[in-house]
file model.tsv (TSV, N, CA and C atoms)
chain	number	residue	atom	x	y	z
B	1	MET	N	-68.55	41.23	-11.56
B	1	MET	CA	-68.80	40.12	-10.67
B	1	MET	C	-68.86	38.84	-11.50
B	2	PRO	N	-68.12	37.81	-11.11
B	2	PRO	CA	-68.11	36.55	-11.88
B	2	PRO	C	-69.48	35.86	-11.89
B	3	ILE	N	-69.74	35.13	-12.97
B	3	ILE	CA	-70.99	34.38	-13.11
B	3	ILE	C	-71.11	33.35	-12.00
B	4	TYR	N	-70.04	32.58	-11.80
B	4	TYR	CA	-70.04	31.52	-10.78
B	4	TYR	C	-69.38	32.05	-9.51
B	5	THR	N	-70.04	31.83	-8.38
B	5	THR	CA	-69.53	32.34	-7.11
B	5	THR	C	-68.61	31.35	-6.41
B	6	SER	N	-68.63	30.07	-6.85
B	6	SER	CA	-67.77	29.06	-6.23
B	6	SER	C	-67.47	27.96	-7.23
B	7	ASP	N	-66.41	27.21	-6.95
B	7	ASP	CA	-66.09	26.07	-7.81
B	7	ASP	C	-67.21	25.03	-7.75
B	8	GLN	N	-67.83	24.86	-6.60
B	8	GLN	CA	-68.90	23.88	-6.46
B	8	GLN	C	-70.10	24.23	-7.32
B	9	GLN	N	-70.43	25.51	-7.39
B	9	GLN	CA	-71.53	25.96	-8.25
B	9	GLN	C	-71.20	25.68	-9.72
B	10	LEU	N	-69.97	25.97	-10.13
B	10	LEU	CA	-69.53	25.70	-11.50
B	10	LEU	C	-69.59	24.20	-11.78
B	11	TYR	N	-69.05	23.38	-10.87
B	11	TYR	CA	-69.05	21.92	-11.07
B	11	TYR	C	-70.47	21.37	-11.19
B	12	THR	N	-71.38	21.84	-10.35
B	12	THR	CA	-72.76	21.37	-10.40
B	12	THR	C	-73.38	21.66	-11.76
B	13	CYS	N	-73.19	22.87	-12.26
B	13	CYS	CA	-73.75	23.23	-13.57
B	13	CYS	C	-73.12	22.40	-14.68
B	14	PHE	N	-71.82	22.18	-14.62
B	14	PHE	CA	-71.16	21.43	-15.70
B	14	PHE	C	-71.44	19.93	-15.62
B	15	GLN	N	-71.65	19.41	-14.43
B	15	GLN	CA	-72.07	18.01	-14.32
B	15	GLN	C	-73.43	17.83	-14.99
B	16	GLN	N	-74.32	18.77	-14.75
B	16	GLN	CA	-75.64	18.70	-15.38
B	16	GLN	C	-75.54	18.90	-16.89
B	17	LEU	N	-74.67	19.79	-17.32
B	17	LEU	CA	-74.49	20.04	-18.74
B	17	LEU	C	-73.98	18.80	-19.46
B	18	PHE	N	-72.92	18.17	-18.93
B	18	PHE	CA	-72.37	16.99	-19.59
B	18	PHE	C	-73.35	15.81	-19.55
B	19	ALA	N	-74.13	15.70	-18.48
B	19	ALA	CA	-75.17	14.65	-18.43
B	19	ALA	C	-76.22	14.91	-19.51
B	20	ALA	N	-76.59	16.16	-19.71
B	20	ALA	CA	-77.58	16.52	-20.74
B	20	ALA	C	-77.02	16.26	-22.14
B	21	ILE	N	-75.75	16.56	-22.35
B	21	ILE	CA	-75.13	16.29	-23.66
B	21	ILE	C	-75.14	14.79	-23.92
B	22	GLU	N	-74.75	14.01	-22.93
B	22	GLU	CA	-74.72	12.55	-23.09
B	22	GLU	C	-76.11	12.00	-23.42
B	23	LYS	N	-77.12	12.54	-22.76
B	23	LYS	CA	-78.50	12.08	-22.99
B	23	LYS	C	-79.04	12.52	-24.35
B	24	ASN	N	-78.85	13.80	-24.69
B	24	ASN	CA	-79.45	14.38	-25.89
B	24	ASN	C	-78.63	14.22	-27.16
B	25	ASP	N	-77.32	14.05	-27.02
B	25	ASP	CA	-76.45	13.95	-28.20
B	25	ASP	C	-75.30	13.00	-27.88
B	26	PRO	N	-75.60	11.70	-27.74
B	26	PRO	CA	-74.58	10.75	-27.33
B	26	PRO	C	-73.39	10.65	-28.28
B	27	LYS	N	-73.54	11.13	-29.50
B	27	LYS	CA	-72.45	11.07	-30.47
B	27	LYS	C	-71.52	12.29	-30.40
B	28	ALA	N	-71.83	13.24	-29.55
B	28	ALA	CA	-71.04	14.48	-29.48
B	28	ALA	C	-69.58	14.21	-29.13
B	29	GLY	N	-69.32	13.19	-28.34
B	29	GLY	CA	-67.95	12.89	-27.93
B	29	GLY	C	-67.16	12.09	-28.94
B	30	ASN	N	-67.79	11.68	-30.05
B	30	ASN	CA	-67.10	10.84	-31.03
B	30	ASN	C	-65.86	11.50	-31.63
B	31	ALA	N	-65.94	12.79	-31.95
B	31	ALA	CA	-64.78	13.49	-32.52
B	31	ALA	C	-63.64	13.53	-31.52
B	32	LEU	N	-63.98	13.69	-30.23
B	32	LEU	CA	-62.94	13.67	-29.20
B	32	LEU	C	-62.30	12.29	-29.12
B	33	LEU	N	-63.12	11.25	-29.19
B	33	LEU	CA	-62.59	9.88	-29.16
B	33	LEU	C	-61.70	9.60	-30.37
B	34	LYS	N	-62.12	10.05	-31.55
B	34	LYS	CA	-61.32	9.85	-32.77
B	34	LYS	C	-59.98	10.55	-32.65
B	35	ALA	N	-59.97	11.71	-32.02
B	35	ALA	CA	-58.72	12.47	-31.85
B	35	ALA	C	-57.92	11.96	-30.65
B	36	SER	N	-58.54	11.09	-29.85
B	36	SER	CA	-57.90	10.53	-28.65
B	36	SER	C	-57.33	11.63	-27.76
B	37	LEU	N	-58.22	12.53	-27.35
B	37	LEU	CA	-57.83	13.71	-26.59
B	37	LEU	C	-58.15	13.62	-25.10
B	38	ALA	N	-57.34	14.27	-24.33
B	38	ALA	CA	-57.66	14.60	-22.94
B	38	ALA	C	-57.47	16.11	-22.84
B	39	ILE	N	-58.54	16.81	-22.49
B	39	ILE	CA	-58.52	18.27	-22.45
B	39	ILE	C	-58.83	18.73	-21.05
B	40	ARG	N	-58.00	19.62	-20.54
B	40	ARG	CA	-58.26	20.18	-19.21
B	40	ARG	C	-58.53	21.67	-19.35
B	41	PHE	N	-59.66	22.09	-18.77
B	41	PHE	CA	-59.98	23.50	-18.67
B	41	PHE	C	-59.63	23.93	-17.25
B	42	ASP	N	-58.62	24.77	-17.12
B	42	ASP	CA	-58.22	25.31	-15.82
B	42	ASP	C	-58.78	26.72	-15.71
B	43	CYS	N	-59.81	26.86	-14.88
B	43	CYS	CA	-60.50	28.13	-14.74
B	43	CYS	C	-59.98	28.93	-13.55
B	44	VAL	N	-60.14	30.22	-13.67
B	44	VAL	CA	-59.93	31.13	-12.54
B	44	VAL	C	-61.22	31.93	-12.37
B	45	ALA	N	-61.42	32.43	-11.18
B	45	ALA	CA	-62.57	33.27	-10.84
B	45	ALA	C	-63.90	32.57	-11.08
B	46	PRO	N	-64.20	31.47	-10.41
B	46	PRO	CA	-63.46	30.81	-9.35
B	46	PRO	C	-62.44	29.80	-9.91
B	47	VAL	N	-61.52	29.41	-9.05
B	47	VAL	CA	-60.53	28.40	-9.43
B	47	VAL	C	-61.24	27.05	-9.51
B	48	ALA	N	-61.14	26.43	-10.68
B	48	ALA	CA	-61.80	25.13	-10.91
B	48	ALA	C	-61.10	24.45	-12.08
B	49	SER	N	-61.21	23.14	-12.13
B	49	SER	CA	-60.59	22.37	-13.20
B	49	SER	C	-61.58	21.32	-13.69
B	50	ILE	N	-61.77	21.27	-15.02
B	50	ILE	CA	-62.63	20.29	-15.66
B	50	ILE	C	-61.79	19.56	-16.69
B	51	THR	N	-61.70	18.24	-16.56
B	51	THR	CA	-60.91	17.43	-17.49
B	51	THR	C	-61.83	16.48	-18.24
B	52	ILE	N	-61.77	16.57	-19.56
B	52	ILE	CA	-62.52	15.65	-20.43
B	52	ILE	C	-61.50	14.66	-20.97
B	53	ASP	N	-61.65	13.40	-20.60
B	53	ASP	CA	-60.71	12.36	-21.03
B	53	ASP	C	-61.39	11.48	-22.08
B	54	ALA	N	-60.99	11.68	-23.33
B	54	ALA	CA	-61.57	10.92	-24.44
B	54	ALA	C	-60.49	10.12	-25.16
B	55	ARG	N	-59.55	9.61	-24.39
B	55	ARG	CA	-58.51	8.79	-25.00
B	55	ARG	C	-59.00	7.38	-25.25
B	56	ARG	N	-60.07	6.98	-24.55
B	56	ARG	CA	-60.72	5.69	-24.77
B	56	ARG	C	-62.17	5.82	-24.30
B	57	ALA	N	-63.01	5.00	-24.89
B	57	ALA	CA	-64.44	5.03	-24.53
B	57	ALA	C	-64.63	4.32	-23.19
B	58	PRO	N	-65.57	4.77	-22.40
B	58	PRO	CA	-66.40	5.95	-22.60
B	58	PRO	C	-65.66	7.24	-22.23
B	59	VAL	N	-66.09	8.34	-22.79
B	59	VAL	CA	-65.54	9.64	-22.43
B	59	VAL	C	-65.86	9.89	-20.96
B	60	THR	N	-64.86	10.32	-20.20
B	60	THR	CA	-65.11	10.65	-18.79
B	60	THR	C	-64.80	12.12	-18.54
B	61	VAL	N	-65.51	12.69	-17.59
B	61	VAL	CA	-65.29	14.07	-17.20
B	61	VAL	C	-64.95	14.07	-15.72
B	62	ARG	N	-63.84	14.73	-15.38
B	62	ARG	CA	-63.42	14.82	-13.98
B	62	ARG	C	-63.43	16.28	-13.55
B	63	TYR	N	-63.81	16.48	-12.31
B	63	TYR	CA	-63.91	17.83	-11.76
B	63	TYR	C	-62.91	17.96	-10.63
B	64	GLY	N	-62.13	19.04	-10.64
B	64	GLY	CA	-61.11	19.26	-9.63
B	64	GLY	C	-59.78	18.65	-10.05
B	65	ALA	N	-58.83	18.72	-9.13
B	65	ALA	CA	-57.48	18.19	-9.41
B	65	ALA	C	-57.54	16.69	-9.65
B	66	ASN	N	-56.75	16.22	-10.61
B	66	ASN	CA	-56.67	14.79	-10.90
B	66	ASN	C	-55.32	14.49	-11.55
B	67	ASP	N	-55.05	13.22	-11.78
B	67	ASP	CA	-53.74	12.83	-12.31
B	67	ASP	C	-53.75	12.57	-13.81
B	68	VAL	N	-54.81	12.94	-14.52
B	68	VAL	CA	-54.87	12.77	-15.97
B	68	VAL	C	-53.89	13.75	-16.62
B	69	LYS	N	-53.03	13.24	-17.49
B	69	LYS	CA	-52.10	14.10	-18.22
B	69	LYS	C	-52.80	14.54	-19.51
B	70	PRO	N	-53.19	15.82	-19.60
B	70	PRO	CA	-53.98	16.26	-20.75
B	70	PRO	C	-53.12	16.44	-22.01
B	71	THR	N	-53.77	16.23	-23.15
B	71	THR	CA	-53.17	16.53	-24.44
B	71	THR	C	-53.15	18.04	-24.64
B	72	ILE	N	-54.24	18.68	-24.22
B	72	ILE	CA	-54.40	20.12	-24.34
B	72	ILE	C	-54.82	20.68	-22.99
B	73	GLU	N	-54.15	21.75	-22.57
B	73	GLU	CA	-54.54	22.48	-21.35
B	73	GLU	C	-55.00	23.86	-21.76
B	74	ILE	N	-56.16	24.26	-21.29
B	74	ILE	CA	-56.71	25.56	-21.62
B	74	ILE	C	-56.94	26.33	-20.32
B	75	GLY	N	-56.22	27.41	-20.16
B	75	GLY	CA	-56.41	28.29	-19.01
B	75	GLY	C	-57.29	29.46	-19.42
B	76	LEU	N	-58.31	29.73	-18.62
B	76	LEU	CA	-59.25	30.79	-18.93
B	76	LEU	C	-60.06	31.14	-17.69
B	77	THR	N	-60.74	32.26	-17.76
B	77	THR	CA	-61.64	32.59	-16.66
B	77	THR	C	-62.92	31.77	-16.84
B	78	ALA	N	-63.61	31.53	-15.75
B	78	ALA	CA	-64.89	30.83	-15.83
B	78	ALA	C	-65.88	31.64	-16.66
B	79	ASP	N	-65.78	32.97	-16.60
B	79	ASP	CA	-66.66	33.82	-17.41
B	79	ASP	C	-66.40	33.63	-18.91
B	80	THR	N	-65.14	33.46	-19.30
B	80	THR	CA	-64.83	33.21	-20.72
B	80	THR	C	-65.41	31.87	-21.16
B	81	LEU	N	-65.27	30.84	-20.32
B	81	LEU	CA	-65.86	29.54	-20.64
B	81	LEU	C	-67.37	29.68	-20.77
B	82	HIS	N	-67.97	30.41	-19.87
B	82	HIS	CA	-69.41	30.69	-19.90
B	82	HIS	C	-69.80	31.32	-21.24
B	83	CYS	N	-69.07	32.32	-21.68
B	83	CYS	CA	-69.38	33.02	-22.94
B	83	CYS	C	-69.15	32.12	-24.16
B	84	LEU	N	-68.14	31.26	-24.10
B	84	LEU	CA	-67.92	30.29	-25.17
B	84	LEU	C	-69.11	29.35	-25.30
B	85	LEU	N	-69.61	28.89	-24.17
B	85	LEU	CA	-70.73	27.95	-24.18
B	85	LEU	C	-72.05	28.60	-24.55
B	86	LEU	N	-72.14	29.90	-24.40
B	86	LEU	CA	-73.33	30.62	-24.86
B	86	LEU	C	-73.24	30.94	-26.35
B	87	GLY	N	-72.05	30.78	-26.92
B	87	GLY	CA	-71.84	31.12	-28.32
B	87	GLY	C	-71.58	32.59	-28.54
B	88	ALA	N	-71.41	33.35	-27.47
B	88	ALA	CA	-71.14	34.78	-27.58
B	88	ALA	C	-69.70	35.06	-27.99
B	89	ILE	N	-68.82	34.11	-27.72
B	89	ILE	CA	-67.42	34.18	-28.16
B	89	ILE	C	-67.16	32.90	-28.94
B	90	ARG	N	-66.61	33.03	-30.11
B	90	ARG	CA	-66.26	31.85	-30.91
B	90	ARG	C	-64.92	31.30	-30.44
B	91	LEU	N	-64.80	29.98	-30.44
B	91	LEU	CA	-63.58	29.33	-29.97
B	91	LEU	C	-62.37	29.81	-30.76
B	92	GLY	N	-62.49	29.92	-32.06
B	92	GLY	CA	-61.37	30.37	-32.89
B	92	GLY	C	-60.91	31.76	-32.50
B	93	LYS	N	-61.86	32.66	-32.23
B	93	LYS	CA	-61.51	34.02	-31.83
B	93	LYS	C	-60.83	34.01	-30.46
B	94	ALA	N	-61.35	33.20	-29.55
B	94	ALA	CA	-60.78	33.12	-28.21
B	94	ALA	C	-59.35	32.58	-28.25
B	95	VAL	N	-59.13	31.58	-29.15
B	95	VAL	CA	-57.79	31.00	-29.29
B	95	VAL	C	-56.82	32.05	-29.80
B	96	GLY	N	-57.28	32.89	-30.74
B	96	GLY	CA	-56.40	33.90	-31.34
B	96	GLY	C	-56.25	35.16	-30.51
B	97	SER	N	-56.87	35.21	-29.37
B	97	SER	CA	-56.78	36.41	-28.52
B	97	SER	C	-56.12	36.05	-27.19
B	98	ASP	N	-56.15	36.98	-26.30
B	98	ASP	CA	-55.58	36.74	-24.96
B	98	ASP	C	-56.60	36.17	-23.99
B	99	LEU	N	-57.73	35.69	-24.48
B	99	LEU	CA	-58.76	35.14	-23.61
B	99	LEU	C	-58.43	33.75	-23.11
B	100	LEU	N	-57.54	33.05	-23.83
B	100	LEU	CA	-57.16	31.68	-23.46
B	100	LEU	C	-55.65	31.57	-23.39
B	101	ASP	N	-55.19	30.74	-22.48
B	101	ASP	CA	-53.79	30.36	-22.43
B	101	ASP	C	-53.77	28.87	-22.74
B	102	MET	N	-53.35	28.53	-23.95
B	102	MET	CA	-53.46	27.15	-24.40
B	102	MET	C	-52.08	26.51	-24.53
B	103	LYS	N	-52.00	25.27	-24.02
B	103	LYS	CA	-50.78	24.48	-24.14
B	103	LYS	C	-51.15	23.18	-24.84
B	104	GLY	N	-50.40	22.83	-25.85
B	104	GLY	CA	-50.67	21.62	-26.59
B	104	GLY	C	-51.00	21.96	-28.03
B	105	PRO	N	-51.32	20.94	-28.83
B	105	PRO	CA	-51.61	21.15	-30.25
B	105	PRO	C	-52.94	21.87	-30.46
B	106	VAL	N	-52.86	23.17	-30.71
B	106	VAL	CA	-54.05	24.02	-30.84
B	106	VAL	C	-55.00	23.49	-31.91
B	107	TRP	N	-54.48	22.98	-33.00
B	107	TRP	CA	-55.33	22.52	-34.09
B	107	TRP	C	-56.27	21.39	-33.66
B	108	LYS	N	-55.90	20.66	-32.61
B	108	LYS	CA	-56.75	19.57	-32.14
B	108	LYS	C	-58.01	20.07	-31.43
B	109	THR	N	-58.06	21.36	-31.12
B	109	THR	CA	-59.26	21.90	-30.48
B	109	THR	C	-60.46	21.84	-31.42
B	110	LEU	N	-60.23	21.64	-32.71
B	110	LEU	CA	-61.34	21.49	-33.66
B	110	LEU	C	-62.23	20.31	-33.28
B	111	ALA	N	-61.66	19.33	-32.59
B	111	ALA	CA	-62.43	18.17	-32.15
B	111	ALA	C	-63.50	18.56	-31.11
B	112	LEU	N	-63.38	19.74	-30.53
B	112	LEU	CA	-64.36	20.21	-29.55
B	112	LEU	C	-65.64	20.74	-30.19
B	113	ALA	N	-65.64	20.91	-31.49
B	113	ALA	CA	-66.77	21.57	-32.16
B	113	ALA	C	-68.11	20.93	-31.85
B	114	ASP	N	-68.22	19.60	-31.95
B	114	ASP	CA	-69.51	18.93	-31.72
B	114	ASP	C	-69.96	19.08	-30.27
B	115	VAL	N	-69.01	18.97	-29.35
B	115	VAL	CA	-69.34	19.11	-27.93
B	115	VAL	C	-69.82	20.54	-27.66
B	116	PHE	N	-69.11	21.53	-28.20
B	116	PHE	CA	-69.50	22.93	-28.00
B	116	PHE	C	-70.86	23.20	-28.63
B	117	HIS	N	-71.12	22.64	-29.80
B	117	HIS	CA	-72.41	22.86	-30.45
B	117	HIS	C	-73.54	22.32	-29.56
B	118	SER	N	-73.38	21.11	-29.06
B	118	SER	CA	-74.40	20.54	-28.17
B	118	SER	C	-74.53	21.36	-26.89
B	119	ALA	N	-73.40	21.75	-26.34
B	119	ALA	CA	-73.42	22.53	-25.09
B	119	ALA	C	-74.14	23.85	-25.29
B	120	GLN	N	-73.93	24.50	-26.43
B	120	GLN	CA	-74.57	25.79	-26.68
B	120	GLN	C	-76.09	25.66	-26.73
B	121	GLN	N	-76.59	24.50	-27.15
B	121	GLN	CA	-78.03	24.28	-27.19
B	121	GLN	C	-78.61	24.04	-25.80
B	122	LEU	N	-77.84	23.42	-24.92
B	122	LEU	CA	-78.34	22.96	-23.63
B	122	LEU	C	-77.97	23.88	-22.45
B	123	TYR	N	-76.87	24.60	-22.57
B	123	TYR	CA	-76.33	25.40	-21.47
B	123	TYR	C	-77.31	26.45	-20.93
B	124	PRO	N	-78.01	27.20	-21.78
B	124	PRO	CA	-78.92	28.23	-21.23
B	124	PRO	C	-79.96	27.67	-20.26
B	125	ALA	N	-80.51	26.50	-20.54
B	125	ALA	CA	-81.52	25.91	-19.65
B	125	ALA	C	-80.91	25.54	-18.30
B	126	ILE	N	-79.66	25.09	-18.31
B	126	ILE	CA	-78.97	24.76	-17.05
B	126	ILE	C	-78.79	26.04	-16.23
B	127	LEU	N	-78.36	27.10	-16.91
B	127	LEU	CA	-78.18	28.38	-16.22
B	127	LEU	C	-79.50	28.87	-15.61
B	128	GLU	N	-80.56	28.80	-16.39
B	128	GLU	CA	-81.87	29.25	-15.91
B	128	GLU	C	-82.31	28.45	-14.69
B	129	ALA	N	-82.04	27.16	-14.69
B	129	ALA	CA	-82.42	26.31	-13.56
B	129	ALA	C	-81.69	26.70	-12.28
B	130	HIS	N	-80.53	27.35	-12.43
B	130	HIS	CA	-79.74	27.77	-11.27
B	130	HIS	C	-79.83	29.29	-11.05
B	131	ASN	N	-80.75	29.92	-11.74
B	131	ASN	CA	-80.92	31.38	-11.63
B	131	ASN	C	-79.63	32.14	-11.92
B	132	LEU	N	-78.91	31.67	-12.93
B	132	LEU	CA	-77.68	32.33	-13.37
B	132	LEU	C	-77.94	33.05	-14.68
B	133	PRO	N	-77.19	34.10	-14.98
B	133	PRO	CA	-77.42	34.87	-16.20
B	133	PRO	C	-77.14	34.06	-17.46
B	134	THR	N	-77.95	34.30	-18.49
B	134	THR	CA	-77.77	33.63	-19.77
B	134	THR	C	-77.14	34.57	-20.80
B	135	THR	N	-76.44	35.57	-20.28
B	135	THR	CA	-75.70	36.50	-21.12
B	135	THR	C	-74.28	36.59	-20.60
B	136	CYS	N	-73.42	37.19	-21.40
B	136	CYS	CA	-72.02	37.38	-20.98
B	136	CYS	C	-71.92	38.65	-20.14
B	137	PRO	N	-71.03	38.61	-19.14
B	137	PRO	CA	-70.82	39.84	-18.37
B	137	PRO	C	-70.12	40.88	-19.23
B	138	GLU	N	-70.34	42.12	-18.93
B	138	GLU	CA	-69.72	43.20	-19.71
B	138	GLU	C	-68.38	43.57	-19.16

call {"tool": "encode", "arguments": {"input": "model.tsv", "output": "structure tokens"}}
result
Amino acid sequence: MPIYTSDQQLYTCFQQLFAAIEKNDPKAGNALLKASLAIRFDCVAPVASITIDARRAPVTVRYGANDVKPTIEIGLTADTLHCLLLGAIRLGKAVGSDLLDMKGPVWKTLALADVFHSAQQLYPAILEAHNLPTTCPE
């Protein structure tokens, strides 16, 4: 059974997560800005899209379909994204496996490291606030 039961539930959690990152670690997006990236996470189960646009300050996050042309597109299940943010799956391992379908310059995903590090610190509390599991599904 998927962690998120709807795209709206996923969007609510990620809106809170990115707001917490901005508040607690405002410099987390600097590496993305330096790389001038736009990254889209296209999730399945549930179907959802999260676009981080860091081509110019301030970094913006869009939820759902939009007209931003991403530098990198990452297709994955919402459960895989969940496990990445918990730190249970390392991004490098996910990139080298069939867990992600990535389009664009893979090496630029290194710019995500600071954002993922901050997210891994804050994500469990967001999950707990929504009574969602803080572990990866088996």

call {"tool": "closest_residue", "arguments": {"input": "model.tsv", "among": "B:Gln9, B:Asn24, B:Thr134, B:Gln16", "to": "Ala88 of chain B", "atoms": "only C-alpha atoms"}}
result
B:Thr134

call {"tool": "residues_around", "arguments": {"input": "model.tsv", "residues": "Ala48 of chain B", "least_positions_apart": "2", "cutoff": "8 Å", "atoms": "all atoms listed in the file", "output": "number ranges by chain"}}
result
B: 6-8, 10-11, 41-46, 50-51, 63-65, 78

call {"tool": "atom_distance", "arguments": {"input": "model.tsv", "atom1": "atom N of Val61 of chain B", "atom2": "atom C of Ala28 of chain B"}}
result
12.3 Å

call {"tool": "closest_residue", "arguments": {"input": "model.tsv", "among": "B:Ala119, B:Val47, B:Val68, B:Ala113", "to": "Glu22 of chain B", "atoms": "only C-alpha atoms"}}
result
B:Ala119

call {"tool": "closest_residue", "arguments": {"input": "model.tsv", "among": "B:Leu85, B:Leu91, B:Val59, B:Ala19", "to": "Gln121 of chain B", "atoms": "only C-alpha atoms"}}
result
B:Leu85

call {"tool": "closest_residue", "arguments": {"input": "model.tsv", "among": "B:Lys103, B:Lys93, B:His117, B:His82", "to": "Pro2 of chain B", "atoms": "only C-alpha atoms"}}
result
B:His82

call {"tool": "select_by_dssp", "arguments": {"input": "model.tsv", "residues": "chain B", "states": "strand (DSSP E)", "output": "JSON, numbers by chain"}}
result
{"B": [37, 38, 39, 40, 41, 42, 43, 44, 48, 49, 50, 51, 52, 53, 54, 60, 61, 62, 63, 72, 73, 74, 75, 76, 77, 101, 102, 103]}

call {"tool": "residues_around", "arguments": {"input": "model.tsv", "residues": "Val115 of chain B", "least_positions_apart": "6", "cutoff": "10 Å", "atoms": "only C-alpha atoms", "output": "compact mmCIF listing (two decimals) with N, CA and C atoms, in the frame of the given file"}}
result
# COMPACT_ATOMS: atom_id res chain seq x y z
N PHE B 18 -72.92 18.17 -18.93
CA PHE B 18 -72.37 16.99 -19.59
C PHE B 18 -73.35 15.81 -19.55
N ILE B 21 -75.75 16.56 -22.35
CA ILE B 21 -75.13 16.29 -23.66
C ILE B 21 -75.14 14.79 -23.92
N GLU B 22 -74.75 14.01 -22.93
CA GLU B 22 -74.72 12.55 -23.09
C GLU B 22 -76.11 12.00 -23.42
N ASP B 25 -77.32 14.05 -27.02
CA ASP B 25 -76.45 13.95 -28.20
C ASP B 25 -75.30 13.00 -27.88
N PRO B 26 -75.60 11.70 -27.74
CA PRO B 26 -74.58 10.75 -27.33
C PRO B 26 -73.39 10.65 -28.28
N LYS B 27 -73.54 11.13 -29.50
CA LYS B 27 -72.45 11.07 -30.47
C LYS B 27 -71.52 12.29 -30.40
N ALA B 28 -71.83 13.24 -29.55
CA ALA B 28 -71.04 14.48 -29.48
C ALA B 28 -69.58 14.21 -29.13
N GLY B 29 -69.32 13.19 -28.34
CA GLY B 29 -67.95 12.89 -27.93
C GLY B 29 -67.16 12.09 -28.94
N ASN B 30 -67.79 11.68 -30.05
CA ASN B 30 -67.10 10.84 -31.03
C ASN B 30 -65.86 11.50 -31.63
N ALA B 31 -65.94 12.79 -31.95
CA ALA B 31 -64.78 13.49 -32.52
C ALA B 31 -63.64 13.53 -31.52
N LEU B 32 -63.98 13.69 -30.23
CA LEU B 32 -62.94 13.67 -29.20
C LEU B 32 -62.30 12.29 -29.12
N LEU B 85 -69.61 28.89 -24.17
CA LEU B 85 -70.73 27.95 -24.18
C LEU B 85 -72.05 28.60 -24.55

call {"tool": "select_by_dssp", "arguments": {"input": "model.tsv", "residues": "segment 23-122 of chain B", "states": "alpha helix (DSSP H)", "output": "VMD selection string"}}
result
chain B and resid 23 to 24 30 to 35 78 to 86 91 to 95 113 to 122

call {"tool": "atom_distance", "arguments": {"input": "model.tsv", "atom1": "atom CA of Met102 of chain B", "atom2": "atom CA of Thr77 of chain B"}}
result
12.5 Å

call {"tool": "closest_residue", "arguments": {"input": "model.tsv", "among": "B:Ser97, B:Thr135, B:Ser36, B:Thr12", "to": "Thr109 of chain B", "atoms": "only C-alpha atoms"}}
result
B:Ser36

call {"tool": "residues_around", "arguments": {"input": "model.tsv", "residues": "Ile52 of chain B", "least_positions_apart": "6", "cutoff": "6 Å", "atoms": "only C-alpha atoms", "output": "list in words"}}
result
Ala38, Ile39, Thr60 and Val61 of chain B

call {"tool": "atom_distance", "arguments": {"input": "model.tsv", "atom1": "atom C of Lys108 of chain B", "atom2": "atom C of Ala20 of chain B"}}
result
21.5 Å

call {"tool": "closest_residue", "arguments": {"input": "model.tsv", "among": "B:Cys13, B:Leu76, B:Ala35, B:Cys83", "to": "Ile126 of chain B", "atoms": "all atoms listed in the file"}}
result
B:Cys13

call {"tool": "axis_aligned_box", "arguments": {"input": "model.tsv", "around": "segment 103-116 of chain B", "padding_each_side": "8 Å", "output": "AutoDock Vina command-line options"}}
result
--center_x -60.6 --center_y 21.7 --center_z -29.1 --size_x 36.5 --size_y 23.1 --size_z 26.1
